[in-house]
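A.B. asks: Hey, dropping start.pdb in here, PDB, C-alpha atoms:
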```pdb
MODEL        1
ATOM      1  CA  MET P   7     109.983  92.409  81.747
ATOM      2  CA  SER P   8     110.462  95.808  83.421
ATOM      3  CA  PHE P   9     107.286  97.617  84.470
ATOM      4  CA  LEU P  10     108.536 101.127  83.635
ATOM      5  CA  ARG P  11     111.203 101.493  80.958
ATOM      6  CA  VAL P  12     112.846 104.816  80.103
ATOM      7  CA  ASP P  13     115.262 104.720  77.159
ATOM      8  CA  GLN P  14     117.541 107.609  76.141
ATOM      9  CA  LEU P  15     115.004 110.199  77.317
ATOM     10  CA  THR P  16     115.895 113.780  76.405
ATOM     11  CA  LYS P  17     114.072 117.093  76.758
ATOM     12  CA  ARG P  18     115.214 120.341  75.157
ATOM     13  CA  PHE P  19     113.779 123.815  75.679
ATOM     14  CA  SER P  20     115.347 126.176  73.155
ATOM     15  CA  SER P  21     119.012 126.391  74.207
ATOM     16  CA  ARG P  22     118.478 124.526  77.502
ATOM     17  CA  THR P  23     118.491 120.723  77.908
ATOM     18  CA  PRO P  24     117.260 119.810  81.415
ATOM     19  CA  VAL P  25     117.196 116.044  80.697
ATOM     20  CA  LYS P  26     120.041 114.497  78.713
ATOM     21  CA  GLY P  27     119.493 110.989  77.385
ATOM     22  CA  ILE P  28     118.646 109.185  80.621
ATOM     23  CA  SER P  29     117.774 105.477  80.750
ATOM     24  CA  PHE P  30     116.449 103.370  83.628
ATOM     25  CA  GLU P  31     113.972 100.630  84.467
ATOM     26  CA  LEU P  32     111.660 100.065  87.448
ATOM     27  CA  GLU P  33     110.307  96.704  88.506
ATOM     28  CA  ARG P  34     106.655  96.236  89.410
ATOM     29  CA  GLY P  35     105.990  96.935  93.106
ATOM     30  CA  SER P  36     109.225  98.862  93.650
ATOM     31  CA  CYS P  37     109.475 102.182  95.488
ATOM     32  CA  THR P  38     112.182 104.463  94.091
ATOM     33  CA  ALA P  39     113.338 107.890  95.258
ATOM     34  CA  LEU P  40     114.524 110.371  92.644
ATOM     35  CA  LEU P  41     117.067 112.654  94.296
ATOM     36  CA  GLY P  42     118.990 115.641  93.054
ATOM     37  CA  PRO P  43     119.581 119.354  93.652
ATOM     38  CA  ASN P  44     117.270 122.020  92.249
ATOM     39  CA  GLY P  45     117.632 122.170  88.470
ATOM     40  CA  ALA P  46     118.854 118.593  88.155
ATOM     41  CA  GLY P  47     115.939 117.630  85.864
ATOM     42  CA  LYS P  48     113.756 115.685  88.323
ATOM     43  CA  THR P  49     110.470 117.509  87.723
ATOM     44  CA  THR P  50     110.935 117.550  83.942
ATOM     45  CA  THR P  51     111.558 113.796  84.035
ATOM     46  CA  MET P  52     108.433 113.205  86.142
ATOM     47  CA  ARG P  53     106.292 115.361  83.860
ATOM     48  CA  MET P  54     107.456 113.441  80.790
ATOM     49  CA  ILE P  55     106.708 110.083  82.430
ATOM     50  CA  ALA P  56     103.286 111.418  83.457
ATOM     51  CA  GLY P  57     102.574 112.317  79.840
ATOM     52  CA  LEU P  58     102.151 116.041  80.544
ATOM     53  CA  ILE P  59     104.995 117.082  78.233
ATOM     54  CA  GLY P  60     106.474 115.177  75.336
ATOM     55  CA  PRO P  61     110.128 114.178  75.151
ATOM     56  CA  SER P  62     112.402 115.673  72.518
ATOM     57  CA  SER P  63     113.718 112.165  71.924
ATOM     58  CA  GLY P  64     113.724 108.771  73.596
ATOM     59  CA  GLN P  65     111.020 106.340  74.662
ATOM     60  CA  ILE P  66     108.911 105.691  77.768
ATOM     61  CA  SER P  67     106.742 102.630  78.327
ATOM     62  CA  VAL P  68     104.652 101.416  81.248
ATOM     63  CA  GLN P  69     103.576  97.797  81.305
ATOM     64  CA  GLY P  70     104.642  97.588  77.663
ATOM     65  CA  LEU P  71     102.508 100.570  76.575
ATOM     66  CA  ARG P  72     104.290 103.520  74.934
ATOM     67  CA  HIS P  73     103.679 107.031  76.257
ATOM     68  CA  SER P  74     101.960 107.878  72.948
ATOM     69  CA  SER P  75      99.298 105.225  73.613
ATOM     70  CA  GLY P  76      95.830 106.292  74.741
ATOM     71  CA  GLU P  77      95.794 103.636  77.469
ATOM     72  CA  TYR P  78      99.124 104.795  78.899
ATOM     73  CA  ARG P  79      97.744 107.738  80.897
ATOM     74  CA  SER P  80      95.137 105.593  82.658
ATOM     75  CA  LEU P  81      97.938 103.600  84.305
ATOM     76  CA  ILE P  82      99.476 106.663  85.984
ATOM     77  CA  GLY P  83      98.660 108.767  89.035
ATOM     78  CA  TYR P  84     100.584 112.033  89.327
ATOM     79  CA  LEU P  85     100.963 114.534  92.161
ATOM     80  CA  PRO P  86     102.871 117.672  91.066
ATOM     81  CA  GLN P  87     104.975 119.596  93.549
ATOM     82  CA  HIS P  88     102.516 122.525  93.434
ATOM     83  CA  PRO P  89      99.071 121.076  92.595
ATOM     84  CA  ALA P  90      96.434 123.480  91.255
ATOM     85  CA  PHE P  91      92.735 123.305  92.122
ATOM     86  CA  TYR P  92      89.405 124.968  91.434
ATOM     87  CA  GLY P  93      88.781 126.819  94.678
ATOM     88  CA  TRP P  94      85.010 126.939  94.183
ATOM     89  CA  MET P  95      84.821 123.119  94.168
ATOM     90  CA  THR P  96      84.594 121.011  97.286
ATOM     91  CA  GLY P  97      87.279 118.429  97.884
ATOM     92  CA  GLN P  98      84.828 115.655  97.078
ATOM     93  CA  GLU P  99      83.736 117.306  93.830
ATOM     94  CA  PHE P 100      87.335 117.739  92.705
ATOM     95  CA  VAL P 101      88.307 114.114  93.335
ATOM     96  CA  MET P 102      85.136 112.900  91.612
ATOM     97  CA  TYR P 103      86.016 115.141  88.667
ATOM     98  CA  ALA P 104      89.484 113.581  88.518
ATOM     99  CA  ALA P 105      87.919 110.119  88.705
ATOM    100  CA  SER P 106      85.550 110.893  85.819
ATOM    101  CA  LEU P 107      88.481 112.049  83.672
ATOM    102  CA  SER P 108      90.027 108.597  84.120
ATOM    103  CA  GLY P 109      86.883 107.010  82.658
ATOM    104  CA  MET P 110      85.290 105.671  85.853
ATOM    105  CA  SER P 111      81.501 105.383  86.048
ATOM    106  CA  ARG P 112      79.730 107.872  88.340
ATOM    107  CA  LYS P 113      78.900 105.119  90.828
ATOM    108  CA  ASP P 114      82.477 103.847  90.984
ATOM    109  CA  ALA P 115      83.846 107.406  91.084
ATOM    110  CA  ARG P 116      81.716 108.293  94.113
ATOM    111  CA  LYS P 117      82.645 105.092  95.961
ATOM    112  CA  GLN P 118      86.360 105.460  95.248
ATOM    113  CA  THR P 119      86.326 109.190  96.093
ATOM    114  CA  ILE P 120      84.912 108.529  99.555
ATOM    115  CA  PHE P 121      87.510 105.819 100.087
ATOM    116  CA  VAL P 122      90.574 107.874  99.078
ATOM    117  CA  LEU P 123      89.473 111.009 100.961
ATOM    118  CA  GLU P 124      89.196 108.896 104.085
ATOM    119  CA  ARG P 125      92.580 107.365 103.364
ATOM    120  CA  VAL P 126      94.358 110.730 103.087
ATOM    121  CA  GLY P 127      92.618 112.176 106.142
ATOM    122  CA  LEU P 128      90.170 114.527 104.405
ATOM    123  CA  ALA P 129      86.858 112.766 105.081
ATOM    124  CA  GLU P 130      85.628 115.475 107.456
ATOM    125  CA  ALA P 131      86.626 118.263 105.045
ATOM    126  CA  ALA P 132      85.277 116.530 101.936
ATOM    127  CA  LYS P 133      82.333 118.922 101.462
ATOM    128  CA  ARG P 134      84.249 122.115 102.250
ATOM    129  CA  ARG P 135      85.320 124.402  99.416
ATOM    130  CA  ILE P 136      88.963 123.958  98.421
ATOM    131  CA  ALA P 137      89.533 127.722  98.696
ATOM    132  CA  GLY P 138      89.318 127.260 102.480
ATOM    133  CA  TYR P 139      91.841 124.412 102.609
ATOM    134  CA  SER P 140      95.275 124.882 104.157
ATOM    135  CA  GLY P 141      98.422 124.150 102.145
ATOM    136  CA  GLY P 142      98.767 120.752 103.800
ATOM    137  CA  MET P 143      95.131 119.875 103.060
ATOM    138  CA  LYS P 144      95.623 120.786  99.408
ATOM    139  CA  GLN P 145      98.660 118.504  99.273
ATOM    140  CA  ARG P 146      96.543 115.658 100.674
ATOM    141  CA  LEU P 147      93.819 116.439  98.124
ATOM    142  CA  GLY P 148      96.394 116.253  95.359
ATOM    143  CA  LEU P 149      97.408 112.827  96.634
ATOM    144  CA  ALA P 150      93.748 111.753  96.676
ATOM    145  CA  GLN P 151      93.234 112.710  93.019
ATOM    146  CA  ALA P 152      96.416 110.824  92.087
ATOM    147  CA  LEU P 153      95.122 107.688  93.820
ATOM    148  CA  VAL P 154      91.417 107.737  92.975
ATOM    149  CA  HIS P 155      91.649 105.621  89.798
ATOM    150  CA  GLN P 156      93.957 103.034  91.448
ATOM    151  CA  PRO P 157      96.989 103.696  89.201
ATOM    152  CA  LYS P 158      99.603 101.077  88.434
ATOM    153  CA  LEU P 159     102.365 103.722  88.608
ATOM    154  CA  LEU P 160     102.281 106.537  91.166
ATOM    155  CA  LEU P 161     104.465 109.602  90.474
ATOM    156  CA  LEU P 162     104.915 111.975  93.415
ATOM    157  CA  ASP P 163     106.895 115.214  93.113
ATOM    158  CA  GLU P 164     107.886 116.355  96.639
ATOM    159  CA  PRO P 165     104.757 114.800  98.232
ATOM    160  CA  VAL P 166     105.379 116.001 101.822
ATOM    161  CA  SER P 167     106.839 119.444 101.127
ATOM    162  CA  ALA P 168     103.795 121.379 102.409
ATOM    163  CA  LEU P 169     102.891 119.164 105.354
ATOM    164  CA  ASP P 170     103.396 119.696 109.060
ATOM    165  CA  PRO P 171     105.168 116.913 111.018
ATOM    166  CA  ILE P 172     101.910 115.084 111.802
ATOM    167  CA  GLY P 173     100.700 115.265 108.203
ATOM    168  CA  ARG P 174     104.106 114.192 106.947
ATOM    169  CA  ARG P 175     104.063 111.128 109.206
ATOM    170  CA  GLU P 176     100.565 110.176 108.026
ATOM    171  CA  VAL P 177     101.569 110.475 104.354
ATOM    172  CA  MET P 178     104.754 108.468 104.926
ATOM    173  CA  ASN P 179     102.675 105.730 106.575
ATOM    174  CA  LEU P 180     100.316 105.845 103.589
ATOM    175  CA  LEU P 181     103.234 105.435 101.172
ATOM    176  CA  GLN P 182     104.390 102.411 103.151
ATOM    177  CA  SER P 183     100.978 100.786 102.697
ATOM    178  CA  LEU P 184     100.778 101.759  99.004
ATOM    179  CA  ARG P 185     103.982  99.850  98.263
ATOM    180  CA  THR P 186     101.966  96.632  98.190
ATOM    181  CA  GLU P 187      99.474  98.070  95.681
ATOM    182  CA  THR P 188     101.401 100.086  93.105
ATOM    183  CA  THR P 189     104.830 101.023  91.780
ATOM    184  CA  ILE P 190     106.043 104.338  93.212
ATOM    185  CA  LEU P 191     108.523 106.901  91.927
ATOM    186  CA  PHE P 192     108.858 110.021  94.033
ATOM    187  CA  SER P 193     111.226 112.935  94.193
ATOM    188  CA  THR P 194     112.163 114.438  97.540
ATOM    189  CA  HIS P 195     114.644 116.711  99.244
ATOM    190  CA  VAL P 196     113.933 115.048 102.613
ATOM    191  CA  LEU P 197     116.541 112.305 102.479
ATOM    192  CA  PRO P 198     115.386 110.381 105.594
ATOM    193  CA  ASP P 199     112.050 109.895 103.797
ATOM    194  CA  ALA P 200     113.869 108.134 100.962
ATOM    195  CA  GLU P 201     115.611 105.838 103.424
ATOM    196  CA  GLU P 202     112.345 105.079 105.209
ATOM    197  CA  VAL P 203     110.139 103.937 102.338
ATOM    198  CA  CYS P 204     112.327 103.264  99.297
ATOM    199  CA  ASP P 205     114.174 100.180  98.175
ATOM    200  CA  ARG P 206     115.896 101.982  95.284
ATOM    201  CA  ILE P 207     117.593 105.353  94.805
ATOM    202  CA  MET P 208     118.270 107.341  91.628
ATOM    203  CA  MET P 209     120.372 110.488  91.769
ATOM    204  CA  MET P 210     120.331 113.153  89.054
ATOM    205  CA  ARG P 211     122.832 115.911  88.385
ATOM    206  CA  ASP P 212     122.710 118.350  85.453
ATOM    207  CA  GLY P 213     120.098 116.310  83.589
ATOM    208  CA  GLU P 214     121.899 112.984  83.912
ATOM    209  CA  ILE P 215     121.525 109.991  86.212
ATOM    210  CA  VAL P 216     124.751 109.679  88.189
ATOM    211  CA  GLU P 217     123.720 106.816  90.505
ATOM    212  CA  ASN P 218     120.966 104.228  90.304
ATOM    213  CA  GLY P 219     120.592 101.107  92.392
ATOM    214  CA  GLU P 220     119.252  99.399  95.457
ATOM    215  CA  LEU P 221     119.462 101.513  98.582
ATOM    216  CA  GLN P 222     121.495  98.954 100.513
ATOM    217  CA  VAL P 223     123.980  98.496  97.670
ATOM    218  CA  LEU P 224     124.563 102.253  97.351
ATOM    219  CA  THR P 225     124.759 102.607 101.127
ATOM    220  CA  ASP P 226     127.454  99.930 101.290
ATOM    221  CA  LYS P 227     129.297 101.592  98.412
ATOM    222  CA  TYR P 228     129.433 105.096  99.884
ATOM    223  CA  ARG P 229     128.996 104.770 103.646
ATOM    224  CA  LEU P 230     132.170 105.418 105.642
ATOM    225  CA  PRO P 231     133.044 105.266 109.353
ATOM    226  CA  LEU P 232     132.366 108.566 111.131
ATOM    227  CA  LEU P 233     133.579 109.897 114.485
ATOM    228  CA  THR P 234     131.873 112.779 116.283
ATOM    229  CA  ILE P 235     134.071 114.339 118.984
ATOM    230  CA  GLN P 236     133.203 117.203 121.316
ATOM    231  CA  VAL P 237     135.622 118.809 123.795
ATOM    232  CA  GLU P 238     135.372 121.597 126.346
ATOM    233  CA  ARG P 239     135.679 125.139 125.028
ATOM    234  CA  HIS P 240     139.203 126.188 125.880
ATOM    235  CA  GLY P 241     142.363 126.795 123.883
ATOM    236  CA  ALA P 242     144.371 123.610 124.452
ATOM    237  CA  ALA P 243     141.445 121.273 123.793
ATOM    238  CA  LYS P 244     140.365 123.122 120.638
ATOM    239  CA  GLU P 245     143.953 123.214 119.407
ATOM    240  CA  TRP P 246     144.175 119.436 119.814
ATOM    241  CA  LEU P 247     140.836 119.020 118.038
ATOM    242  CA  ASN P 248     142.077 120.999 115.034
ATOM    243  CA  SER P 249     145.284 118.949 114.945
ATOM    244  CA  LEU P 250     143.281 115.779 114.217
ATOM    245  CA  GLN P 251     142.844 116.904 110.580
ATOM    246  CA  SER P 252     146.461 115.953 109.839
ATOM    247  CA  ARG P 253     146.213 112.362 111.081
ATOM    248  CA  PRO P 254     146.789 109.754 108.326
ATOM    249  CA  PHE P 255     143.558 107.854 109.098
ATOM    250  CA  ILE P 256     141.364 110.948 108.520
ATOM    251  CA  GLN P 257     139.697 111.192 105.083
ATOM    252  CA  ASP P 258     137.629 114.286 105.781
ATOM    253  CA  ALA P 259     137.313 116.630 108.751
ATOM    254  CA  GLN P 260     134.618 119.195 109.521
ATOM    255  CA  ILE P 261     135.400 121.194 112.653
ATOM    256  CA  GLN P 262     133.078 123.829 114.067
ATOM    257  CA  GLY P 263     133.879 125.358 117.423
ATOM    258  CA  ASN P 264     134.509 122.548 119.880
ATOM    259  CA  THR P 265     132.985 119.759 117.749
ATOM    260  CA  ALA P 266     134.608 117.682 114.996
ATOM    261  CA  LEU P 267     133.026 115.336 112.449
ATOM    262  CA  LEU P 268     135.767 113.017 111.220
ATOM    263  CA  THR P 269     135.360 110.606 108.305
ATOM    264  CA  VAL P 270     137.976 107.893 108.803
ATOM    265  CA  ASN P 271     139.328 105.016 106.729
ATOM    266  CA  ASN P 272     140.102 102.767 109.690
ATOM    267  CA  MET P 273     137.696 103.023 112.625
ATOM    268  CA  THR P 274     139.661 100.651 114.871
ATOM    269  CA  GLU P 275     142.933 102.559 114.476
ATOM    270  CA  ALA P 276     141.266 105.980 114.720
ATOM    271  CA  ARG P 277     139.375 105.125 117.880
ATOM    272  CA  ARG P 278     142.441 103.639 119.586
ATOM    273  CA  LEU P 279     144.852 106.461 118.743
ATOM    274  CA  ILE P 280     142.425 109.284 119.531
ATOM    275  CA  LEU P 281     141.383 107.842 122.875
ATOM    276  CA  ASP P 282     145.050 107.234 123.736
ATOM    277  CA  GLU P 283     145.757 110.912 123.101
ATOM    278  CA  VAL P 284     142.719 111.980 125.119
ATOM    279  CA  SER P 285     144.042 109.987 128.043
ATOM    280  CA  SER P 286     147.748 110.873 127.755
ATOM    281  CA  GLN P 287     147.151 114.600 127.144
ATOM    282  CA  ASP P 288     144.283 114.885 129.615
ATOM    283  CA  ILE P 289     141.927 116.305 126.962
ATOM    284  CA  PRO P 290     138.582 117.418 128.526
ATOM    285  CA  LEU P 291     136.351 115.205 126.356
ATOM    286  CA  LEU P 292     132.593 115.885 126.469
ATOM    287  CA  SER P 293     131.431 113.245 123.963
ATOM    288  CA  PHE P 294     132.864 110.612 121.626
ATOM    289  CA  GLN P 295     130.525 108.845 119.181
ATOM    290  CA  ALA P 296     131.345 106.277 116.514
ATOM    291  CA  GLY P 297     128.957 105.775 113.599
ATOM    292  CA  THR P 298     128.761 105.944 109.814
ATOM    293  CA  THR P 299     128.106 108.632 107.234
ATOM    294  CA  SER P 300     124.462 109.164 106.242
ATOM    295  CA  LEU P 301     122.452 109.142 103.017
ATOM    296  CA  GLU P 302     122.817 112.922 103.032
ATOM    297  CA  ASP P 303     126.603 112.552 103.023
ATOM    298  CA  MET P 304     126.341 110.114 100.103
ATOM    299  CA  PHE P 305     124.010 112.519  98.293
ATOM    300  CA  MET P 306     126.396 115.455  98.707
ATOM    301  CA  LYS P 307     129.339 113.380  97.531
ATOM    302  CA  VAL P 308     127.557 112.166  94.384
ATOM    303  CA  VAL P 309     125.725 115.297  93.218
ATOM    304  CA  THR P 310     128.593 117.708  93.866
ATOM    305  CA  ALA P 311     131.313 115.515  92.343
TER     306      ALA P 311
ENDMDL
END
```
Starting from the file, lay out its structure as structure tokens.
C.D. replies:
Amino acid sequence: MSFLRVDQLTKRFSSRTPVKGISFELERGSCTALLGPNGAGKTTTMRMIAGLIGPSSGQISVQGLRHSSGEYRSLIGYLPQHPAFYGWMTGQEFVMYAASLSGMSRKDARKQTIFVLERVGLAEAAKRRIAGYSGGMKQRLGLAQALVHQPKLLLLDEPVSALDPIGRREVMNLLQSLRTETTILFSTHVLPDAEEVCDRIMMMRDGEIVENGELQVLTDKYRLPLLTIQVERHGAAKEWLNSLQSRPFIQDAQIQGNTALLTVNNMTEARRLILDEVSSQDIPLLSFQAGTTSLEDMFMKVVTA
């Protein structure tokens, strides 16, 4: 049985419908990235799953419990994109407050608070007032309150958006370790993060899910051979570079200055013919790299289709 089941979920606000009858399932222990441009419906979907707003229609269940059940909320940890805090509280007081709201005893709340603050790198700042925290520290505190009651489902809305590179790396490492403890659904605009920690990808566009599947399956489906070619900056070389767009093996060409990114349908043929021309026409080649299109390329292709 699926751990999280979403069935025909819809949310309407007056004349606007940000989520339009979406359905999906997550298995226990999976880590799934929810991708999509601004306004695609990601945050509204996360807030409905978290139980913060009710759906206009459709059903959500976690571990067989419906979202209308009193026990449902205790299974979920949620970090919003812009978490709000009481600035007069210390970090430790806030996490203990969150723990008490989940029904933990004071003894267990204190023990778990110390543990999660250490885990997110806030142990030394635990007794400082939140008003003095940086944006990155507040993001870590939000993650601590989402984790303190050991949720079965962790919902993270842009969890590294306010972090510096060091903080981002620490949180990504934490998410890697959490994969063995809980089921994770997180939205992000940082596509390499999705590739690093997730085994599944869902893509939303205009309130609908347009792709949903294992990362490797979607990668195999959309990834195409890619050539990156750079020549010296002079007329003949740049003219030759621009002429590559008309070759029959080119599916897409992006040329800026003296550099071309060429998506090809036959890498072997493209490499042979282009290098033959470089040699026969004495093209001043600076670099020639063969690779494949990225998750970002797949994302752009799907959400702008």
A.B. asks: Would you mind reading off the distance between atom CA of P:Gln69 and atom CA of P:Ser8, one decimal, in Å?
C.D. replies: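 So the two atoms, atom CA of P:Gln69 and atom CA of P:Ser8, lie 7.5 Å apart.
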A.B. asks: If you apply the PyMOL selection byres ((chain P and resi 236-242) around 6) to this file, what residues do you get, as a list in words?
C.D. replies: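 Selection result, ordered by chain and number: Ile235, Ala243, Lys244, Glu245, Asn264, Thr265, Pro290, Leu291, Leu292 and Ser293 of chain P.
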A.B. asks: So which residues touch P:Leu181 within 12 Å, counting only C-alpha atoms, skipping near sequence neighbours fewer than 6 positions away, as a PyMOL selection string?
C.D. replies: chain P and resi 36-39+125-126+149+153+160-162+165-166+174-175+187-192+199-200+202-204
A.B. asks: What is the distance, in Å and to one decimal place, between atom CA of P:Leu221 and atom CA of P:Thr186?
C.D. replies: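 Computing the Euclidean distance for atom CA of P:Leu221 and atom CA of P:Thr186 yields 18.2 Å.
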A.B. asks: Give the answer as one residue: which of P:Thr298, P:Glu201, P:Arg79, P:Asn272 has the shortest atom-to-atom distance to P:Gln182, using only C-alpha atoms?
C.D. replies: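 Among the listed residues, P:Glu201 lies closest to P:Gln182.
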A.B. asks: Out of P:Asp212, P:Glu130, P:Asp288, P:Asp13, which residue has the shortest atom-to-atom distance to P:Pro61 when counting all atoms listed in the file?
C.D. replies: P:Asp13
A.B. asks: So the first atom is atom CA of P:Phe30 and the second is atom CA of P:Ile215; what is the distance between them in Å, to one decimal place?
C.D. replies: 8.7 Å
A.B. asks: Write out as a VMD selection string each polymer residue whose atoms come within 9 Å of P:Gly70, counting all atoms listed in the file; drop sequence neighbours fewer than 5 positions from it.
C.D. replies: chain P and resid 7 to 11
A.B. asks: Please provide the set of residues having any atom within 8 Å of P:Met210, restricted to only C-alpha atoms, with same-chain residues fewer than 2 positions apart removed, written as a list in words.
C.D. replies: Leu40, Leu41, Gly42, Pro43, Ala46, Gly47, Lys48, Met208, Asp212, Gly213, Glu214, Ile215, Val216, Glu217 and Val309 of chain P
A.B. asks: Of the candidates P:Leu147, P:Ile59, P:Ala259, P:Val68, which shows the shortest atom-to-atom distance to P:Gln98, using all atoms listed in the file?
C.D. replies: P:Leu147
A.B. asks: Residue by residue, what does the PyMOL selection byres ((chain P and resi 17) around 9) grab here? Present the result as a PDB file with C-alpha atoms, in the coordinates of the input.
C.D. replies:
```pdb
ATOM      1  CA  LEU P  15     115.004 110.199  77.317  1.00  0.00           C
ATOM      2  CA  THR P  16     115.895 113.780  76.405  1.00  0.00           C
ATOM      3  CA  ARG P  18     115.214 120.341  75.157  1.00  0.00           C
ATOM      4  CA  PHE P  19     113.779 123.815  75.679  1.00  0.00           C
ATOM      5  CA  ARG P  22     118.478 124.526  77.502  1.00  0.00           C
ATOM      6  CA  THR P  23     118.491 120.723  77.908  1.00  0.00           C
ATOM      7  CA  PRO P  24     117.260 119.810  81.415  1.00  0.00           C
ATOM      8  CA  VAL P  25     117.196 116.044  80.697  1.00  0.00           C
ATOM      9  CA  LYS P  26     120.041 114.497  78.713  1.00  0.00           C
ATOM     10  CA  GLY P  27     119.493 110.989  77.385  1.00  0.00           C
ATOM     11  CA  THR P  50     110.935 117.550  83.942  1.00  0.00           C
ATOM     12  CA  THR P  51     111.558 113.796  84.035  1.00  0.00           C
ATOM     13  CA  MET P  54     107.456 113.441  80.790  1.00  0.00           C
ATOM     14  CA  GLY P  60     106.474 115.177  75.336  1.00  0.00           C
ATOM     15  CA  PRO P  61     110.128 114.178  75.151  1.00  0.00           C
ATOM     16  CA  SER P  62     112.402 115.673  72.518  1.00  0.00           C
ATOM     17  CA  SER P  63     113.718 112.165  71.924  1.00  0.00           C
ATOM     18  CA  GLY P  64     113.724 108.771  73.596  1.00  0.00           C
TER      19      GLY P  64
END
```
A.B. asks: Determine, counting only C-alpha atoms, every residue of protein, DNA or RNA that lies within 8 Å of (91.6, 113.8, 95.3) in the file coordinates, then give the result as a list of chain:residue names.
C.D. replies: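 Residues found, by chain and rising number: P:Gly97, P:Gln98, P:Phe100, P:Val101, P:Met102, P:Ala104, P:Thr119, P:Val122, P:Leu123, P:Arg146, P:Leu147, P:Gly148, P:Leu149, P:Ala150, P:Gln151, P:Ala152, P:Leu153, P:Val154.
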A.B. asks: List the neighbours of P:Ser108 out to 7 Å using only C-alpha atoms; skip same-chain residues closer than 3 positions along the sequence, and give me the result as a VMD selection string.
C.D. replies: chain P and resid 80 104 to 105 155
A.B. asks: I need the residue nearest P:Ile66 from this list: P:Ala137, P:Met52, P:Val270, P:Ala276. Use all atoms listed in the file for the distance.
C.D. replies: P:Met52
A.B. asks: Could you please fill out stretch 130-142 of chain P with N, CA, C and O atoms and send it back as a PDB file, in the coordinates of the input?
C.D. replies:
```pdb
ATOM      1  N   GLU P 130      86.437 114.454 106.787  1.00  0.00           N
ATOM      2  CA  GLU P 130      85.628 115.475 107.456  1.00  0.00           C
ATOM      3  C   GLU P 130      85.586 116.780 106.684  1.00  0.00           C
ATOM      4  O   GLU P 130      84.665 117.583 106.866  1.00  0.00           O
ATOM      5  N   ALA P 131      86.578 117.020 105.829  1.00  0.00           N
ATOM      6  CA  ALA P 131      86.626 118.263 105.045  1.00  0.00           C
ATOM      7  C   ALA P 131      86.152 118.051 103.616  1.00  0.00           C
ATOM      8  O   ALA P 131      86.271 118.956 102.788  1.00  0.00           O
ATOM      9  N   ALA P 132      85.603 116.887 103.323  1.00  0.00           N
ATOM     10  CA  ALA P 132      85.277 116.530 101.936  1.00  0.00           C
ATOM     11  C   ALA P 132      84.303 117.497 101.282  1.00  0.00           C
ATOM     12  O   ALA P 132      84.400 117.767 100.077  1.00  0.00           O
ATOM     13  N   LYS P 133      83.371 118.069 102.042  1.00  0.00           N
ATOM     14  CA  LYS P 133      82.333 118.922 101.462  1.00  0.00           C
ATOM     15  C   LYS P 133      82.608 120.407 101.690  1.00  0.00           C
ATOM     16  O   LYS P 133      81.740 121.243 101.449  1.00  0.00           O
ATOM     17  N   ARG P 134      83.836 120.719 102.140  1.00  0.00           N
ATOM     18  CA  ARG P 134      84.249 122.115 102.250  1.00  0.00           C
ATOM     19  C   ARG P 134      84.868 122.578 100.935  1.00  0.00           C
ATOM     20  O   ARG P 134      85.465 121.781 100.201  1.00  0.00           O
ATOM     21  N   ARG P 135      84.729 123.869 100.636  1.00  0.00           N
ATOM     22  CA  ARG P 135      85.320 124.402  99.416  1.00  0.00           C
ATOM     23  C   ARG P 135      86.843 124.404  99.531  1.00  0.00           C
ATOM     24  O   ARG P 135      87.408 124.721 100.576  1.00  0.00           O
ATOM     25  N   ILE P 136      87.508 124.080  98.422  1.00  0.00           N
ATOM     26  CA  ILE P 136      88.963 123.958  98.421  1.00  0.00           C
ATOM     27  C   ILE P 136      89.621 125.293  98.745  1.00  0.00           C
ATOM     28  O   ILE P 136      90.725 125.332  99.315  1.00  0.00           O
ATOM     29  N   ALA P 137      88.969 126.405  98.411  1.00  0.00           N
ATOM     30  CA  ALA P 137      89.533 127.722  98.696  1.00  0.00           C
ATOM     31  C   ALA P 137      89.830 127.892 100.187  1.00  0.00           C
ATOM     32  O   ALA P 137      90.705 128.679 100.563  1.00  0.00           O
ATOM     33  N   GLY P 138      89.111 127.166 101.042  1.00  0.00           N
ATOM     34  CA  GLY P 138      89.318 127.260 102.480  1.00  0.00           C
ATOM     35  C   GLY P 138      90.288 126.231 103.024  1.00  0.00           C
ATOM     36  O   GLY P 138      90.502 126.176 104.253  1.00  0.00           O
ATOM     37  N   TYR P 139      90.892 125.431 102.162  1.00  0.00           N
ATOM     38  CA  TYR P 139      91.841 124.412 102.609  1.00  0.00           C
ATOM     39  C   TYR P 139      93.204 125.052 102.914  1.00  0.00           C
ATOM     40  O   TYR P 139      93.623 125.989 102.244  1.00  0.00           O
ATOM     41  N   SER P 140      93.890 124.484 103.891  1.00  0.00           N
ATOM     42  CA  SER P 140      95.275 124.882 104.157  1.00  0.00           C
ATOM     43  C   SER P 140      96.191 124.277 103.094  1.00  0.00           C
ATOM     44  O   SER P 140      95.773 123.423 102.295  1.00  0.00           O
ATOM     45  N   GLY P 141      97.472 124.698 103.102  1.00  0.00           N
ATOM     46  CA  GLY P 141      98.422 124.150 102.145  1.00  0.00           C
ATOM     47  C   GLY P 141      98.581 122.650 102.305  1.00  0.00           C
ATOM     48  O   GLY P 141      98.654 121.907 101.315  1.00  0.00           O
ATOM     49  N   GLY P 142      98.636 122.181 103.553  1.00  0.00           N
ATOM     50  CA  GLY P 142      98.767 120.752 103.800  1.00  0.00           C
ATOM     51  C   GLY P 142      97.562 119.967 103.329  1.00  0.00           C
ATOM     52  O   GLY P 142      97.693 118.859 102.787  1.00  0.00           O
TER      53      GLY P 142
END
```
